[in-house]
Amino acid sequence: MIAFERLTYSYPGQTEPVLLDIDQHIDDGEFVLVVGPSGSGKSTLLRCLNGLVPHFYGGKVSGRLTVAGKDPIRAQPREMSSAVGFVFQDPESQFVVDTVEDELVFALENYDLPQATMRKRVEEVLDQLAIAHLRQRRISTLSGGEKQRVAIGSVLTLQPQVLVLDEPTSQLDPQAAEEVLTVVQKLNADLGLTIVLSEHRLERVVQYADRMVHVPGPGQPLV
């Protein structure tokens with residue numbers, strides 16, 4: 001599903017690459033936990049998967065990367081969004097409308113899908129994430145855990161093959177974090193979604209992961 005082949009990346013103005021000769025393969029349906037200290041390059045690695053790196057951040061990139069048969073180094077993030085759903089640490093940073101149902105529909109409208117298809121996909125996501133009771137709620141009134149589930153739902157409506165989450169529980173209390181991670185594990189188990197998730201608090205998520213990838217820091221190999 002995901003193949004890094006000697007991928008190297010440097011941010012604009014930096015002489016030392018943050019990612020150096022990355023060789024890593026992730027199989028279809030795997031749940032991979034990405035770990036490492038702050039500033040090690042975890043978020044950069046994740047943002048390569050949907051093309052935010054290098055298309056949004058700029059910089060220099062070499063090597064190869066394929067995700068669900070697509071090349072995010074050449075494809076724009078919009079094209080990658082149908083294959084890779086990306087959920088940020090702060091869910092509010094990716095919301096664009098006011099209510100839950102409108103947020104779930106937004107990406108589908110951008111792809112100009114038929115109304116019947118949009119309705120079906122929204123209902124499926126509401127059911128999968130157990131958020132049907134929130135459909136008419138204003139996003140600003142939701143709890144942190146509810147917002148994170150809506151953020152996950154907003155990318156799931158495009159039916160991606162890979163779900164990438166960048167420290168999704170860092171702003172949540174333990175109960176809300178457990179609810180979000182249980183949902184992610186269920187998507188992996190029931191839908192066969194490939195999950196790539198970064199996290200500092202390993203005790204929260206290690207039980208769900210098939211394996212871990214350690215990002216030690218700039219210029220050092222992954223483990």
# chains A, B, ... in the order shown; residues from 1 in each chain; ligands from 1
>>> residues_around(residues="Arg211 in chain A", least_positions_apart="5", cutoff="9 Å", atoms="only C-alpha atoms", output="ChimeraX atom specification")
/A:30-34,206
>>> select_by_dssp(residues="range 27-183 of chain A", states="alpha helix (DSSP H)", output="PyMOL selection string")
chain A and resi 42-48+52-55+77-80+100-110+115-128+144-156+174-183
>>> write_last_selection(atoms="C-alpha atoms", output="compact mmCIF listing (two decimals), in the first residue's frame")
# COMPACT_ATOMS: atom_id res chain seq x y z
CA LYS A 42 7.24 12.35 12.27
CA SER A 43 4.80 14.94 10.94
CA THR A 44 6.97 15.51 7.87
CA LEU A 45 6.93 11.78 7.14
CA LEU A 46 3.14 11.68 7.44
CA ARG A 47 2.68 14.76 5.27
CA CYS A 48 4.60 13.11 2.46
CA LEU A 52 1.49 18.27 1.53
CA VAL A 53 5.23 17.66 1.47
CA PRO A 54 6.56 18.95 -0.89
CA HIS A 55 3.62 20.72 -2.61
CA PRO A 77 -2.91 16.93 -2.42
CA ARG A 78 -6.40 17.25 -3.95
CA GLU A 79 -5.74 14.24 -6.18
CA MET A 80 -4.30 12.31 -3.24
CA VAL A 100 -21.41 18.41 11.28
CA GLU A 101 -23.46 17.21 8.32
CA ASP A 102 -22.31 20.09 6.11
CA GLU A 103 -18.70 19.29 7.00
CA LEU A 104 -19.15 15.68 5.97
CA VAL A 105 -20.70 16.72 2.66
CA PHE A 106 -18.16 19.41 1.82
CA ALA A 107 -15.48 17.25 0.18
CA LEU A 108 -18.09 15.26 -1.74
CA GLU A 109 -19.53 18.46 -3.20
CA ASN A 110 -16.05 19.48 -4.35
CA GLN A 115 -26.72 13.61 -4.57
CA ALA A 116 -27.74 10.00 -3.95
CA THR A 117 -24.10 8.96 -3.59
CA MET A 118 -23.39 11.81 -1.20
CA ARG A 119 -26.36 10.96 1.00
CA LYS A 120 -25.38 7.29 1.12
CA ARG A 121 -21.77 8.01 2.05
CA VAL A 122 -22.70 10.51 4.75
CA GLU A 123 -25.10 8.03 6.35
CA GLU A 124 -22.44 5.31 6.26
CA VAL A 125 -19.86 7.53 7.95
CA LEU A 126 -22.32 8.75 10.59
CA ASP A 127 -23.02 5.11 11.43
CA GLN A 128 -19.38 3.94 11.32
CA GLY A 144 -12.67 17.65 21.65
CA GLY A 145 -13.31 13.97 21.09
CA GLU A 146 -16.46 14.65 19.06
CA LYS A 147 -14.57 17.14 16.89
CA GLN A 148 -11.85 14.59 16.21
CA ARG A 149 -14.41 11.98 15.14
CA VAL A 150 -16.06 14.51 12.82
CA ALA A 151 -12.64 15.32 11.35
CA ILE A 152 -12.10 11.61 10.70
CA GLY A 153 -15.57 11.39 9.16
CA SER A 154 -14.93 14.33 6.84
CA VAL A 155 -12.08 12.45 5.15
CA LEU A 156 -13.76 9.03 5.23
CA PRO A 174 -7.91 9.95 28.48
CA GLN A 175 -11.55 8.94 27.98
CA ALA A 176 -11.97 10.95 24.76
CA ALA A 177 -8.62 9.65 23.51
CA GLU A 178 -9.73 6.06 24.09
CA GLU A 179 -13.00 6.67 22.23
CA VAL A 180 -11.18 8.11 19.21
CA LEU A 181 -8.59 5.32 19.11
CA THR A 182 -11.29 2.67 19.46
CA VAL A 183 -13.01 4.16 16.41
>>> closest_residue(among="A:Asp210, A:Asp21, A:Asp190, A:Asp90", to="Thr169 in chain A", atoms="only C-alpha atoms")
A:Asp90
>>> closest_residue(among="A:Pro12, A:Gln171, A:Ile195, A:Gln89", to="Tyr57 in chain A", atoms="only C-alpha atoms")
A:Pro12
>>> residues_around(residues="Tyr11 in chain A", least_positions_apart="2", cutoff="7 Å", atoms="only C-alpha atoms", output="list in words")
Tyr9, Gly13, Gln14, Gly58, Gly59 and Lys60 of chain A
>>> closest_residue(among="A:Asn50, A:Thr194, A:Gln185, A:Gln136", to="Tyr208 in chain A", atoms="only C-alpha atoms")
A:Gln185
>>> residues_around(residues="Val162 in chain A", least_positions_apart="6", cutoff="10 Å", atoms="only C-alpha atoms", output="list in words")
Met1, Ile2, Asp28, Gly29, Glu30, Phe31, Leu49, Asn50, Val67, Ala68, Ser81, Ser82, Ala83, Val84, Gly85, Phe86, Leu156, Asn188, Gly192, Leu193, Thr194, Ile195 and Val196 of chain A
>>> select_by_dssp(residues="chain A", states="strand (DSSP E or B)", output="JSON, numbers by chain")
{"A": [2, 3, 4, 5, 6, 7, 8, 9, 10, 19, 20, 21, 22, 23, 24, 25, 26, 31, 32, 33, 34, 35, 60, 61, 62, 63, 64, 65, 66, 67, 70, 84, 85, 86, 87, 99, 138, 162, 163, 164, 165, 166, 194, 195, 196, 197, 198, 211, 212, 213, 214]}
>>> write_last_selection(atoms="N, CA and C atoms", output="compact mmCIF listing (two decimals), in the first residue's frame")
# COMPACT_ATOMS: atom_id res chain seq x y z
N ILE A 2 1.94 1.28 0.78
CA ILE A 2 2.83 2.44 0.85
C ILE A 2 4.27 1.96 0.71
N ALA A 3 5.03 2.62 -0.16
CA ALA A 3 6.43 2.24 -0.36
C ALA A 3 7.30 3.49 -0.46
N PHE A 4 8.19 3.67 0.52
CA PHE A 4 9.23 4.68 0.47
C PHE A 4 10.49 4.02 -0.09
N GLU A 5 11.11 4.66 -1.07
CA GLU A 5 12.34 4.13 -1.65
C GLU A 5 13.39 5.24 -1.68
N ARG A 6 14.28 5.20 -0.69
CA ARG A 6 15.38 6.17 -0.56
C ARG A 6 14.85 7.61 -0.63
N LEU A 7 13.75 7.86 0.03
CA LEU A 7 13.16 9.20 0.03
C LEU A 7 13.95 10.13 0.94
N THR A 8 14.35 11.26 0.40
CA THR A 8 15.07 12.29 1.14
C THR A 8 14.36 13.61 0.96
N TYR A 9 14.21 14.36 2.06
CA TYR A 9 13.50 15.65 1.96
C TYR A 9 14.14 16.68 2.88
N SER A 10 14.29 17.90 2.35
CA SER A 10 14.80 19.04 3.12
C SER A 10 13.82 20.20 2.99
N LEU A 19 14.38 14.17 6.44
CA LEU A 19 14.21 12.76 6.12
C LEU A 19 15.34 12.35 5.19
N LEU A 20 16.03 11.26 5.51
CA LEU A 20 17.22 10.86 4.75
C LEU A 20 17.13 9.39 4.36
N ASP A 21 17.08 9.15 3.04
CA ASP A 21 17.11 7.78 2.49
C ASP A 21 16.11 6.86 3.18
N ILE A 22 14.87 7.31 3.25
CA ILE A 22 13.83 6.51 3.90
C ILE A 22 13.46 5.32 3.02
N ASP A 23 13.61 4.14 3.56
CA ASP A 23 13.15 2.90 2.91
C ASP A 23 12.19 2.22 3.87
N GLN A 24 10.93 2.18 3.49
CA GLN A 24 9.91 1.62 4.38
C GLN A 24 8.71 1.17 3.55
N HIS A 25 8.18 0.01 3.88
CA HIS A 25 7.00 -0.51 3.20
C HIS A 25 5.91 -0.79 4.23
N ILE A 26 4.70 -0.40 3.89
CA ILE A 26 3.54 -0.63 4.75
C ILE A 26 2.51 -1.40 3.94
N PHE A 31 -1.81 -1.47 10.60
CA PHE A 31 -1.95 -0.36 11.53
C PHE A 31 -0.55 -0.07 12.05
N VAL A 32 0.05 1.02 11.59
CA VAL A 32 1.44 1.35 11.90
C VAL A 32 1.47 2.59 12.79
N LEU A 33 2.17 2.47 13.90
CA LEU A 33 2.35 3.57 14.84
C LEU A 33 3.71 4.21 14.60
N VAL A 34 3.73 5.51 14.33
CA VAL A 34 4.97 6.25 14.09
C VAL A 34 5.33 7.00 15.36
N VAL A 35 6.54 6.75 15.87
CA VAL A 35 6.96 7.33 17.14
C VAL A 35 8.30 8.02 16.98
N LYS A 60 13.24 20.50 -1.04
CA LYS A 60 13.83 19.59 -2.02
C LYS A 60 13.53 18.15 -1.64
N VAL A 61 13.15 17.35 -2.64
CA VAL A 61 12.81 15.96 -2.40
C VAL A 61 13.45 15.10 -3.47
N SER A 62 13.91 13.93 -3.06
CA SER A 62 14.45 12.96 -4.02
C SER A 62 14.03 11.57 -3.56
N GLY A 63 14.22 10.60 -4.43
CA GLY A 63 13.76 9.25 -4.14
C GLY A 63 12.35 9.04 -4.66
N ARG A 64 11.73 7.96 -4.23
CA ARG A 64 10.39 7.61 -4.71
C ARG A 64 9.45 7.31 -3.55
N LEU A 65 8.18 7.57 -3.81
CA LEU A 65 7.13 7.23 -2.84
C LEU A 65 5.87 6.89 -3.62
N THR A 66 5.26 5.77 -3.30
CA THR A 66 3.96 5.43 -3.87
C THR A 66 3.00 5.12 -2.74
N VAL A 67 1.77 5.61 -2.89
CA VAL A 67 0.72 5.40 -1.90
C VAL A 67 -0.54 5.01 -2.65
N LYS A 70 -0.49 5.68 -6.25
CA LYS A 70 -0.30 7.06 -6.68
C LYS A 70 1.06 7.59 -6.21
N VAL A 84 -5.90 9.05 0.29
CA VAL A 84 -5.33 9.24 1.63
C VAL A 84 -6.18 10.26 2.40
N GLY A 85 -6.76 9.82 3.50
CA GLY A 85 -7.45 10.74 4.39
C GLY A 85 -6.49 11.19 5.48
N PHE A 86 -6.32 12.51 5.65
CA PHE A 86 -5.35 13.05 6.61
C PHE A 86 -6.08 13.81 7.69
N VAL A 87 -5.81 13.44 8.95
CA VAL A 87 -6.43 14.09 10.10
C VAL A 87 -5.33 14.75 10.93
N THR A 99 -21.65 23.20 10.53
CA THR A 99 -22.36 22.07 11.12
C THR A 99 -21.74 20.75 10.70
N ARG A 138 -23.75 22.31 15.69
CA ARG A 138 -22.68 23.22 15.27
C ARG A 138 -21.36 22.66 15.79
N VAL A 162 -6.13 4.75 2.74
CA VAL A 162 -5.18 4.99 3.83
C VAL A 162 -5.71 6.12 4.71
N LEU A 163 -5.68 5.92 6.02
CA LEU A 163 -6.05 6.97 6.97
C LEU A 163 -4.81 7.34 7.77
N VAL A 164 -4.42 8.62 7.68
CA VAL A 164 -3.22 9.12 8.36
C VAL A 164 -3.66 10.08 9.45
N LEU A 165 -3.15 9.89 10.67
CA LEU A 165 -3.54 10.73 11.80
C LEU A 165 -2.28 11.22 12.50
N ASP A 166 -2.16 12.54 12.61
CA ASP A 166 -0.99 13.16 13.21
C ASP A 166 -1.30 13.55 14.66
N THR A 194 -5.84 0.94 5.86
CA THR A 194 -4.45 1.06 6.31
C THR A 194 -4.35 2.30 7.18
N ILE A 195 -3.83 2.14 8.39
CA ILE A 195 -3.73 3.24 9.35
C ILE A 195 -2.26 3.58 9.59
N VAL A 196 -1.92 4.86 9.46
CA VAL A 196 -0.59 5.35 9.85
C VAL A 196 -0.84 6.48 10.84
N LEU A 197 -0.40 6.28 12.08
CA LEU A 197 -0.75 7.20 13.16
C LEU A 197 0.50 7.53 13.97
N SER A 198 0.72 8.82 14.22
CA SER A 198 1.82 9.23 15.09
C SER A 198 1.26 9.59 16.47
N ARG A 211 2.62 -2.76 14.34
CA ARG A 211 4.04 -2.54 14.56
C ARG A 211 4.31 -1.04 14.69
N MET A 212 5.54 -0.72 15.12
CA MET A 212 5.95 0.66 15.28
C MET A 212 7.09 0.99 14.32
N VAL A 213 7.12 2.25 13.88
CA VAL A 213 8.25 2.79 13.12
C VAL A 213 8.81 3.94 13.94
N HIS A 214 10.09 3.88 14.26
CA HIS A 214 10.73 4.91 15.07
C HIS A 214 11.46 5.90 14.19
